[in-house]
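K.L.:
Input structure: start_10.cif, which contains mmCIF, C-alpha atoms and all ligand atoms.
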data_work
#
loop_
_atom_site.label_atom_id
_atom_site.label_comp_id
_atom_site.auth_asym_id
_atom_site.auth_seq_id
_atom_site.Cartn_x
_atom_site.Cartn_y
_atom_site.Cartn_z
CA MET A 9 58.12 209.81 182.30
CA THR A 10 56.26 210.88 185.38
CA VAL A 11 57.39 209.89 188.85
CA PHE A 12 55.40 210.82 191.93
CA GLY A 13 57.09 211.48 195.23
CA CYS A 14 56.51 212.48 198.81
CA ARG A 15 55.79 216.18 199.30
CA THR A 16 57.37 216.09 202.77
CA CYS A 17 60.74 214.42 202.10
CA GLY A 18 60.97 214.20 198.30
CA ALA A 19 61.37 210.40 198.20
CA ALA A 20 60.17 208.73 194.98
CA LEU A 21 56.97 206.77 195.58
CA THR A 22 56.26 205.30 192.12
CA VAL A 23 58.02 203.77 189.14
CA PRO A 24 57.94 205.91 185.95
CA VAL A 25 54.34 206.05 184.74
CA SER A 26 52.40 207.50 181.78
CA ARG A 27 49.16 209.41 182.12
CA VAL A 28 45.92 207.86 180.87
CA ALA A 29 42.29 208.97 181.14
CA LEU A 30 40.41 208.11 184.33
CA PRO A 31 38.36 205.01 183.42
CA VAL A 32 34.62 205.08 184.00
CA HIS A 33 34.94 202.11 186.36
CA ALA A 34 37.65 203.68 188.55
CA HIS A 35 35.30 203.90 191.55
CA GLN A 36 33.18 200.85 190.76
CA LYS A 37 31.85 198.53 193.43
CA TYR A 38 30.74 195.35 191.76
CA GLY A 39 29.04 192.44 193.45
CA ASN A 40 30.19 191.15 196.79
CA GLY A 41 33.33 189.18 196.20
CA PRO A 42 34.89 186.78 196.66
CA GLY A 43 37.92 189.00 196.67
CA SER A 44 38.72 192.25 194.94
CA LEU A 45 38.51 193.11 191.25
CA ASP A 46 41.55 193.40 188.99
CA PRO A 47 43.33 196.79 188.99
CA VAL A 48 41.57 199.29 186.74
CA LEU A 49 44.83 200.56 185.24
CA GLU A 50 47.55 198.82 183.27
CA PRO A 51 50.99 198.69 184.94
CA GLY A 52 53.06 201.78 184.14
CA THR A 53 50.10 204.15 183.94
CA PHE A 54 48.36 206.66 186.18
CA ALA A 55 45.13 208.63 186.02
CA VAL A 56 43.97 211.76 187.83
CA ASP A 57 40.49 212.19 189.28
CA PRO A 58 39.61 215.83 188.57
CA LEU A 59 36.82 215.83 191.15
CA PRO A 60 37.15 216.30 194.89
CA SER A 61 37.26 212.94 196.61
CA GLY A 62 37.34 211.51 200.10
CA SER A 63 36.55 213.18 203.41
CA PRO A 64 35.36 215.62 204.54
CA TRP A 65 31.88 215.00 203.15
CA ARG A 66 29.07 217.56 203.00
CA ARG A 67 25.44 216.56 203.20
CA TRP A 68 23.38 217.65 200.21
CA ALA A 69 20.83 219.39 202.41
CA GLU A 70 23.53 221.65 203.85
CA LEU A 71 24.64 223.09 200.50
CA GLU A 72 23.77 226.70 199.68
CA VAL A 73 21.35 227.47 196.82
CA GLY A 74 23.24 227.20 193.53
CA GLU A 75 26.35 225.76 195.17
CA ALA A 76 25.80 222.22 193.90
CA GLU A 77 25.39 223.36 190.30
CA ALA A 78 28.48 225.50 190.58
CA LEU A 79 30.30 222.29 191.55
CA GLY A 80 28.86 220.43 188.55
CA TRP A 81 26.10 218.44 190.29
CA TYR A 82 22.67 218.78 188.67
CA ALA A 83 20.69 216.25 190.70
CA PRO A 84 20.70 215.52 194.43
CA ARG A 85 23.29 213.27 196.01
CA PHE A 86 23.34 211.95 199.56
CA SER A 87 26.53 213.90 200.16
CA ILE A 88 29.39 215.26 198.10
CA SER A 89 33.09 215.22 198.80
CA ASP A 90 34.75 218.37 200.02
CA GLY A 91 38.13 216.65 199.93
CA PRO A 92 41.05 217.51 197.66
CA ALA A 93 40.68 217.27 193.89
CA GLY A 94 43.35 215.52 191.87
CA GLN A 95 43.81 212.15 193.56
CA VAL A 96 46.15 209.99 191.48
CA LEU A 97 45.14 206.42 190.68
CA LEU A 98 47.84 203.76 190.23
CA ALA A 99 48.06 200.03 189.85
CA PRO A 100 49.34 198.87 193.26
CA GLY A 101 52.46 197.23 191.79
CA ASP A 102 53.76 200.61 190.59
CA VAL A 103 54.07 202.04 194.11
CA ARG A 104 57.48 202.08 195.80
CA ASP A 105 58.72 202.82 199.33
CA ALA A 106 55.31 203.29 200.91
CA VAL A 107 53.79 200.78 203.32
CA ILE A 108 50.34 200.04 204.64
CA ASP A 109 49.96 201.09 208.28
CA PRO A 110 47.84 198.35 209.90
CA ALA A 111 46.67 200.81 212.53
CA LEU A 112 44.99 202.84 209.78
CA ALA A 113 43.25 199.95 208.06
CA GLY A 114 39.90 201.05 209.49
CA ASP A 115 37.15 198.72 210.63
CA SER A 116 34.39 199.34 208.09
CA ALA A 117 35.74 197.03 205.40
CA CYS A 118 34.79 193.40 204.86
CA CYS A 119 37.85 191.28 204.10
CA GLY A 120 40.33 193.89 202.83
CA LEU A 121 40.96 197.63 202.80
CA ASP A 122 38.05 199.77 201.64
CA GLY A 123 40.00 203.00 201.50
CA GLY A 124 37.92 205.34 203.60
CA GLU A 125 41.01 207.24 204.73
CA PRO A 126 44.72 207.29 203.77
CA ASN A 127 46.38 204.11 205.04
CA MET A 128 49.86 204.10 203.43
CA ALA A 129 52.89 205.91 204.82
CA CYS A 130 56.10 207.07 203.15
CA ILE A 131 58.90 204.76 204.37
CA SER A 132 61.39 207.62 204.54
CA CYS A 133 59.47 210.13 206.64
CA GLY A 134 56.24 208.49 207.78
CA ALA A 135 53.91 210.98 206.06
CA LEU A 136 50.54 209.54 205.01
CA VAL A 137 50.78 209.54 201.25
CA ALA A 138 48.22 207.15 199.79
CA THR A 139 45.16 204.96 200.17
CA ARG A 140 45.38 201.27 199.32
CA ILE A 141 42.12 199.58 198.33
CA ASP A 142 41.59 195.84 197.98
CA ASP A 143 38.28 195.02 199.65
CA CYS A 144 35.91 192.55 198.04
CA GLY A 145 34.01 193.91 195.05
CA LEU A 146 36.41 196.87 194.67
CA PRO A 147 39.17 197.24 192.06
CA GLN A 148 42.69 196.85 193.43
CA ALA A 149 44.06 200.39 193.61
CA VAL A 150 46.37 202.87 195.24
CA TRP A 151 45.20 206.50 195.29
CA LEU A 152 47.93 209.07 196.00
CA ASP A 153 46.88 211.96 198.22
CA PRO A 154 47.46 215.22 196.29
CA LEU A 155 48.06 217.10 199.55
CA THR A 156 51.04 214.95 200.57
CA THR A 157 52.46 213.82 197.21
CA ARG A 158 53.60 215.61 194.06
CA VAL A 159 55.17 215.06 190.66
CA ILE A 160 58.96 214.91 191.12
CA GLU A 161 59.88 214.05 187.52
CA ASP A 162 57.82 214.73 184.43
CA GLY A 163 58.04 213.87 180.76
CA PRO A 164 56.91 211.27 178.23
CA GLY A 165 56.37 207.97 180.00
CA PRO A 166 56.76 204.30 179.10
CA HIS A 167 53.48 204.26 177.13
CA PRO A 168 53.44 206.82 174.27
CA VAL A 169 50.03 208.17 173.26
CA LEU A 170 48.59 206.10 170.40
CA ASP A 171 46.53 207.52 167.58
CA TRP A 172 43.18 205.87 166.81
CA THR A 173 44.73 203.50 164.28
CA GLY A 174 47.38 202.50 166.78
CA LEU A 175 44.68 201.85 169.35
CA ILE A 176 42.82 199.51 167.00
CA ASP A 177 46.05 197.59 166.40
CA GLN A 178 47.35 197.47 169.95
CA ARG A 179 44.39 197.66 172.31
CA PRO A 180 41.89 194.93 171.46
CA GLY A 181 39.36 195.78 174.13
CA ILE A 182 37.84 193.60 176.82
CA PRO A 183 35.53 190.70 175.95
CA PRO A 184 32.15 191.06 177.64
CA SER A 185 32.13 187.51 178.96
CA GLU A 186 33.73 186.32 182.17
CA PRO A 187 34.78 182.66 182.50
CA ASP A 188 31.62 181.98 184.54
CA GLY A 189 29.47 183.24 181.66
CA GLY A 190 28.58 186.55 183.31
CA TRP A 191 29.42 190.05 182.17
CA HIS A 192 32.79 191.63 182.80
CA PRO A 193 32.37 194.41 185.42
CA MET A 194 33.89 196.98 183.05
CA TRP A 195 31.03 196.35 180.62
CA ALA A 196 28.45 197.02 183.32
CA ALA A 197 30.20 200.33 184.05
CA ALA A 198 30.73 201.31 180.41
CA ALA A 199 27.13 200.54 179.49
CA ALA A 200 25.84 202.50 182.50
CA SER A 201 27.80 205.61 181.56
CA ALA A 202 26.83 205.38 177.88
CA LEU A 203 23.20 204.89 178.86
CA ALA A 204 23.23 208.09 180.94
CA HIS A 205 24.70 210.03 178.00
CA LEU A 206 22.23 208.43 175.57
CA LEU A 207 19.23 209.44 177.67
CA ALA A 208 20.63 212.95 178.02
CA VAL A 209 20.84 213.49 174.24
CA SER A 210 17.56 211.66 173.49
CA GLY A 211 15.17 214.24 174.87
CA GLY A 212 13.08 211.29 176.04
CA ASP A 213 12.11 210.23 172.51
CA PRO A 214 12.09 206.54 171.57
CA ILE A 215 15.40 205.20 170.34
CA LEU A 216 15.71 202.67 167.52
CA ILE A 217 18.79 200.40 167.66
CA PRO A 218 19.27 198.50 164.39
CA ASP A 219 22.41 196.56 165.45
CA HIS A 220 21.20 193.51 167.37
CA ARG A 221 24.28 193.32 169.59
CA ILE A 222 24.01 196.97 170.64
CA ALA A 223 20.28 196.49 171.11
CA GLY A 224 21.03 193.48 173.33
CA ILE A 225 23.01 195.74 175.65
CA PHE A 226 20.74 198.78 175.83
CA ARG A 227 17.24 197.74 174.72
CA PRO A 228 16.05 195.93 177.89
CA THR A 229 17.09 198.80 180.16
CA LEU A 230 15.80 201.50 177.79
CA ASP A 231 12.44 199.72 177.63
CA ARG A 232 12.25 199.73 181.40
CA LEU A 233 13.26 203.39 181.69
CA ILE A 234 11.39 205.10 178.85
CA GLY A 235 9.11 202.34 177.58
CA PRO A 236 9.28 200.32 174.36
CA VAL A 237 9.48 202.04 170.97
CA SER A 238 6.13 203.69 170.26
CA ALA A 239 4.54 205.72 167.48
CA ALA A 240 6.49 208.83 168.42
CA PRO A 241 9.31 209.95 166.11
CA GLU A 242 12.24 207.65 166.50
CA HIS A 243 15.90 208.45 166.70
CA THR A 244 18.44 205.88 165.63
CA LEU A 245 21.51 204.80 167.61
CA VAL A 246 24.47 203.51 165.59
CA LEU A 247 28.14 202.77 166.15
CA ALA A 248 30.72 205.25 164.81
CA GLY A 249 34.47 205.59 165.11
CA PRO A 250 37.83 204.81 163.54
CA GLY A 251 37.64 202.19 160.80
CA LEU A 252 33.86 202.45 160.48
CA PRO A 253 31.78 204.31 157.87
CA ALA A 254 30.54 207.79 158.80
CA ALA A 255 27.67 207.63 161.28
CA ASP A 256 24.29 207.17 159.63
CA GLY A 257 22.00 207.82 162.58
CA ASP A 258 20.86 210.48 165.00
CA PHE A 259 23.04 209.28 167.88
CA ALA A 260 26.42 207.61 167.56
CA LEU A 261 28.20 205.45 170.12
CA VAL A 262 31.73 206.81 169.78
CA PRO A 263 34.87 205.58 171.54
CA GLU A 264 36.59 207.45 174.35
CA HIS A 265 40.35 207.50 173.84
CA PRO A 266 41.68 205.53 176.83
CA GLN A 267 44.82 207.65 177.13
CA THR A 268 43.66 211.20 176.30
CA GLY A 269 39.97 210.90 177.14
CA GLU A 270 39.02 212.49 173.79
CA HIS A 271 35.86 211.35 172.04
CA TRP A 272 35.86 210.30 168.38
CA PRO A 273 34.46 213.35 166.56
CA VAL A 274 31.21 213.06 164.61
CA ALA A 275 29.77 215.64 162.21
CA GLN A 276 26.65 217.62 163.12
CA PRO A 277 23.80 216.89 163.49
CA VAL A 278 24.83 213.46 164.81
CA LYS A 279 25.02 213.55 168.59
CA PRO A 280 27.87 211.58 170.16
CA VAL A 281 27.31 209.08 172.98
CA PRO A 282 30.72 208.23 174.45
CA LEU A 283 31.55 204.61 175.22
CA ALA A 284 34.69 203.26 176.92
CA TRP A 285 37.28 202.19 174.33
CA ASP A 286 37.57 198.62 175.65
CA ALA A 287 33.87 198.01 175.08
CA TRP A 288 33.63 200.02 171.84
CA ARG A 289 36.60 198.22 170.24
CA HIS A 290 35.04 194.87 170.94
CA LEU A 291 31.63 195.85 169.60
CA ALA A 292 33.12 197.42 166.48
CA PHE A 293 35.55 194.74 165.38
CA HIS A 294 35.16 191.48 167.24
CA ARG A 295 33.90 188.68 165.06
CA ASP A 296 33.50 185.06 166.01
CA PRO A 297 35.69 182.70 164.00
CA LYS A 298 34.16 181.70 160.66
CA THR A 299 32.70 178.25 160.34
CA VAL A 300 34.73 176.41 157.71
CA ARG A 301 33.39 174.44 154.72
CA ARG A 302 29.99 176.00 154.83
CA SER A 303 28.45 176.46 151.42
CA VAL A 304 25.30 178.26 152.53
CA PRO A 305 25.85 181.73 153.99
CA ILE A 306 24.52 182.24 157.50
CA LEU A 307 22.11 185.12 157.97
CA PRO A 308 23.33 187.58 160.63
CA GLU A 309 20.25 186.80 162.72
CA ALA A 310 21.27 183.15 162.86
CA LEU A 311 24.82 183.76 164.08
CA PRO A 312 25.52 182.72 167.64
CA ALA A 313 25.28 185.50 170.21
CA LEU A 314 28.59 187.29 170.69
CA LEU A 315 27.54 188.53 174.07
CA PRO A 316 26.93 186.58 177.29
CA GLY A 317 23.73 184.64 177.55
CA TYR A 318 22.10 186.61 180.25
CA ARG A 319 21.09 190.20 180.22
CA LEU A 320 23.54 192.92 181.11
CA GLU A 321 22.58 194.91 184.17
CA PRO A 322 24.25 198.30 183.78
CA ASP A 323 25.89 199.50 186.99
CA GLY A 324 23.19 201.53 188.74
CA ARG A 325 25.51 203.62 190.89
CA ILE A 326 27.70 204.61 187.96
CA PHE A 327 24.57 205.41 185.91
CA LEU A 328 23.32 207.76 188.64
CA SER A 329 26.66 209.42 189.28
CA VAL A 330 27.22 210.11 185.56
CA LEU A 331 23.64 211.32 185.12
CA ALA A 332 23.90 213.65 188.11
CA ARG A 333 26.72 215.51 186.37
CA LEU A 334 24.84 216.05 183.09
CA PRO A 335 22.82 219.30 182.96
CA GLU A 336 20.10 217.49 180.97
CA VAL A 337 19.08 215.62 184.14
CA ARG A 338 17.20 218.80 185.10
CA GLN A 339 14.54 217.93 182.49
CA PRO A 340 11.55 216.62 184.50
CA TRP A 341 11.25 213.29 182.63
CA LEU A 342 14.93 212.49 183.14
CA ARG A 343 14.92 213.72 186.72
CA ALA A 344 12.03 211.32 187.36
CA ILE A 345 14.20 208.44 186.11
CA TYR A 346 17.05 209.63 188.32
CA ASP A 347 14.76 209.84 191.32
CA ARG A 348 13.77 206.19 190.94
CA GLY A 349 17.26 205.38 192.12
CA ARG A 350 19.15 206.55 195.14
CA PRO A 351 22.65 207.96 195.03
CA TYR A 352 24.09 204.87 196.73
CA SER A 353 21.79 202.24 195.30
CA TYR A 354 22.34 199.70 192.57
CA TYR A 355 18.64 199.45 191.99
CA VAL A 356 17.59 202.10 189.51
CA PHE A 357 16.66 199.79 186.64
ZN ZN B 1 34.67 190.45 201.79
ZN ZN B 2 58.31 211.13 202.78
#
In C-alpha cells, write the structure found in this file.
Ligand SMILES: [Zn+2]
Ligand SMILES: [Zn+2]
P.N.:
Amino acid sequence: MTVFGCRTCGAALTVPVSRVALPVHAHQKYGNGPGSLDPVLEPGTFAVDPLPSGSPWRRWAELEVGEAEALGWYAPRFSISDGPAGQVLLAPGDVRDAVIDPALAGDSACCGLDGGEPNMACISCGALVATRIDDCGLPQAVWLDPLTTRVIEDGPGPHPVLDWTGLIDQRPGIPPSEPDGGWHPMWAAAAASALAHLLAVSGGDPILIPDHRIAGIFRPTLDRLIGPVSAAPEHTLVLAGPGLPAADGDFALVPEHPQTGEHWPVAQPVKPVPLAWDAWRHLAFHRDPKTVRRSVPILPEALPALLPGYRLEPDGRIFLSVLARLPEVRQPWLRAIYDRGRPYSYYVF
C-alpha cells in the first residue's frame, strides 16, 4: 500500500491507496454546472501527473527556440506550466488530516474551489500540502503538491493490478448515456483523445469505419475535420483488444489499461489508437438485452442505437492538448486542424 504524508512533519495525509494510470479526463472542464463532476478516480487509488502543472506559467512567446519541443510540446499553447511535475491525484474522501484554508480559496472560481493554487493545509504543522477542486464543471479532486508531500509508506495497495481478463470481468466500463440522455463527460474526453491519436496515425487519408457504433462516435467529427470519405485510398478503423479477434484493419482502437496505462498490443502493420478502458470495454462487449420470443432475426442495422440519441461532441480542449503533444501535429495538414482551435477553446470542431 502507498500512503502519502507531509514532507514537513511526516504526518500521514491519505488512507492506503493503489496506483492507477492518470485518466484522460483528469483535467477536464465539462459544461457549466450545476455543481462539480464526480471524482475521476475510484476510492483507494491515486494517479501521478508526469507533466509540470500549476504556477508559475510561462507564455509560449517567451520560450527559447527548441525549448517547447524539448518539453514535449509540438504545437503552440497559450502558456505552459513551469510548476513541479508529479502532482498526485486522489479522490477527496481518501485524504486525511488536511483542511481547506478558506483564506486561500481564491476569488476566480464560480461556486466552488477551482484549484488555481494550493488551498489545503496539513493539520499537524500548517504546511500547504494540497489543492482541493470542486468548482462547477470540474471533477471533484485533491491534488497533492509534490514539493510539500511525499510517499511515507509504499507497497502493494488495496487494489491489485488486474490482467486484461480480470479487467473484462471486474471493470465493466462506463455507459455513454447520462440519465438526461446526454453523453457521459468521460466519453467526450476519451473520444477526443482517441481522435487526436487517430488523426496522427492517419496521415490525413480518409478513414473507413465499418462498425456503425464506432462510426457514430467518430464519423461526424472526422467529416468536419478532414472531409467525408473520398476516392483516395482508404484506411480502415476497427476495434481490437482482449476477447476480440485479431485486428483486421489498418488502425485499431485498443484499450488503455486503467491501472498500468499500457496499451493492448497489436501486430505490425496495424497502428494502435488508444482508447480509455471504460469506453473501450463498453464498445467491445455491451449488448442490449435480447428481445424474447422473436422468430425473425433482427438485422444489425435495425437494432436500436446503443449510444445516446444526439451526436457526441468530443472535448475540444482535451483534443488540442493531446494533439499538441504528438510529434505528428507538425505535419502541415494536421497543424492546420490544430490551428482552427485555440489552446483554451472548446470550439475546434
Ligand atoms: Zn458555478
Ligand atoms: Zn505537516
K.L.:
For each of A:Ile131, A:Ile217, A:Ile176, A:Ile225, take the minimum atom-to-atom distance to ligand ZN 2 (chain B), counting all atoms listed in the file, then give the residue where this is smallest.
P.N.:
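Among A:Ile131, A:Ile217, A:Ile176, A:Ile225, it is A:Ile131 that comes nearest to ligand ZN 2 (chain B).
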K.L.:
Neighbouring residues of region 103-110 of chain A were defined as those with any atom within 8 Å, considering all atoms listed in the file; residues of the same chain fewer than 5 positions away were excluded. Please report them as a list of chain:residue names.
P.N.:
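These residues fall inside the cut-off: A:Ala20, A:Leu21, A:Thr22, A:Val23, A:Leu98, A:Asn127, A:Met128, A:Ala129, A:Cys130, A:Ile131, A:Ser132, A:Val137, A:Arg140, A:Val150.
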K.L.:
Show me, as a PyMOL selection string, the residues that have an atom within 6 Å of region 202-208 of chain A when counting only C-alpha atoms, minus same-chain residues fewer than 5 positions from it.
P.N.:
chain A and resi 281-283+327+331+336
K.L.:
Using only C-alpha atoms and all ligand atoms, which residues have at least one atom no more than 8 Å from ligand ZN 1 (chain B)? Output them as a list in words.
P.N.:
Asn40, Gly41, Pro42, Gly43, Ala117, Cys118, Cys119, Gly120, Asp143, Cys144 and Gly145 of chain A
K.L.:
Do you know which residues are within 6 Å of ligand ZN 2 (chain B) using all atoms listed in the file? Can you write them as a PyMOL selection string?
P.N.:
chain A and resi 14+16-17+19+130+132-133+135
K.L.:
Rank nothing, just name the residue among A:His294, A:Arg158, A:Arg15, A:Arg179 nearest to Gln95 (chain A), using all atoms listed in the file.
P.N.:
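Distance minimum relative to Gln95 (chain A) lands on A:Arg158.
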K.L.:
Can you list, as a short mmCIF file (atom, residue, chain, number, x, y, z; two decimals) with C-alpha atoms, keeping the file's coordinate frame, every protein, DNA or RNA residue that comes within 10 Å of Trp285 (chain A) when you count all atoms listed in the file, leaving out same-chain residues fewer than 4 positions away?
P.N.:
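This went into part-v8.cif:
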data_model
loop_
_atom_site.label_atom_id
_atom_site.label_comp_id
_atom_site.auth_asym_id
_atom_site.auth_seq_id
_atom_site.Cartn_x
_atom_site.Cartn_y
_atom_site.Cartn_z
CA PRO A 31 38.36 205.01 183.42
CA LEU A 175 44.68 201.85 169.35
CA ILE A 176 42.82 199.51 167.00
CA ARG A 179 44.39 197.66 172.31
CA PRO A 180 41.89 194.93 171.46
CA GLY A 181 39.36 195.78 174.13
CA ILE A 182 37.84 193.60 176.82
CA ALA A 198 30.73 201.31 180.41
CA VAL A 262 31.73 206.81 169.78
CA PRO A 263 34.87 205.58 171.54
CA GLU A 264 36.59 207.45 174.35
CA HIS A 265 40.35 207.50 173.84
CA PRO A 266 41.68 205.53 176.83
CA GLN A 267 44.82 207.65 177.13
CA GLY A 269 39.97 210.90 177.14
CA HIS A 271 35.86 211.35 172.04
CA ARG A 289 36.60 198.22 170.24
CA HIS A 290 35.04 194.87 170.94
CA LEU A 291 31.63 195.85 169.60
#
K.L.:
Kindly give the distance, in Å, that separates CA of Glu50 (chain A) and CA of Gln36 (chain A), rounded to a single decimal.
P.N.:
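One can read the CA of Glu50 (chain A) to CA of Gln36 (chain A) distance as 16.3 Å.
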K.L.:
Nearest to Glu161 (chain A): which of A:Leu328, A:Ala254, A:Met9, A:Leu320 is it, counting all atoms listed in the file?
P.N.:
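The shortest atom-to-atom distance to Glu161 (chain A) comes from A:Met9.
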K.L.:
Rank A:Ile160, A:Leu230, A:Ala149, A:Ala113 by their smallest atom-to-atom distance to Asp213 (chain A), using all atoms listed in the file, and report the top residue only.
P.N.:
A:Leu230
K.L.:
Ranking A:Glu72, A:Glu242, A:Asp162, A:Asp122 by minimum distance to Ser44 (chain A) and counting only C-alpha atoms, which one comes first?
P.N.:
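The closest residue to Ser44 (chain A) is A:Asp122.
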K.L.:
Given the block above, output region 80-98 of chain A with N, CA and C atoms as a compact mmCIF listing (two decimals), in the first residue's frame.
P.N.:
# COMPACT_ATOMS: atom_id res chain seq x y z
N GLY A 80 8.30 18.46 -24.93
CA GLY A 80 7.25 17.58 -25.42
C GLY A 80 6.03 18.30 -25.97
N TRP A 81 6.15 19.57 -26.30
CA TRP A 81 5.04 20.31 -26.93
C TRP A 81 5.41 20.58 -28.38
N TYR A 82 4.54 20.13 -29.30
CA TYR A 82 4.85 20.23 -30.74
C TYR A 82 3.94 21.21 -31.47
N ALA A 83 3.07 21.87 -30.75
CA ALA A 83 2.22 22.91 -31.34
C ALA A 83 2.02 23.98 -30.27
N PRO A 84 1.78 25.23 -30.70
CA PRO A 84 1.75 26.32 -29.73
C PRO A 84 0.62 26.20 -28.70
N ARG A 85 0.93 26.61 -27.51
CA ARG A 85 -0.04 26.73 -26.42
C ARG A 85 -0.07 28.19 -26.01
N PHE A 86 -1.09 28.59 -25.27
CA PHE A 86 -1.11 29.96 -24.76
C PHE A 86 0.04 30.14 -23.77
N SER A 87 0.15 29.18 -22.86
CA SER A 87 1.26 29.19 -21.91
C SER A 87 1.45 27.75 -21.45
N ILE A 88 2.61 27.46 -20.89
CA ILE A 88 2.83 26.12 -20.35
C ILE A 88 3.29 26.25 -18.90
N SER A 89 2.97 25.21 -18.15
CA SER A 89 3.30 25.24 -16.72
C SER A 89 4.79 25.06 -16.52
N ASP A 90 5.34 25.84 -15.61
CA ASP A 90 6.72 25.65 -15.17
C ASP A 90 6.72 25.21 -13.70
N GLY A 91 5.55 24.68 -13.29
CA GLY A 91 5.42 24.20 -11.91
C GLY A 91 6.04 22.82 -11.75
N PRO A 92 5.90 22.25 -10.56
CA PRO A 92 6.50 20.93 -10.32
C PRO A 92 5.79 19.82 -11.07
N ALA A 93 6.56 18.84 -11.57
CA ALA A 93 5.96 17.64 -12.14
C ALA A 93 5.62 16.69 -10.99
N GLY A 94 4.70 15.77 -11.27
CA GLY A 94 4.43 14.73 -10.29
C GLY A 94 3.34 15.03 -9.28
N GLN A 95 2.41 15.92 -9.62
CA GLN A 95 1.26 16.11 -8.72
C GLN A 95 0.49 14.80 -8.60
N VAL A 96 -0.02 14.54 -7.41
CA VAL A 96 -0.72 13.27 -7.13
C VAL A 96 -2.21 13.53 -7.01
N LEU A 97 -2.97 12.84 -7.86
CA LEU A 97 -4.43 12.99 -7.86
C LEU A 97 -5.06 11.94 -6.95
N LEU A 98 -6.02 12.39 -6.13
CA LEU A 98 -6.75 11.49 -5.23
C LEU A 98 -8.24 11.81 -5.28
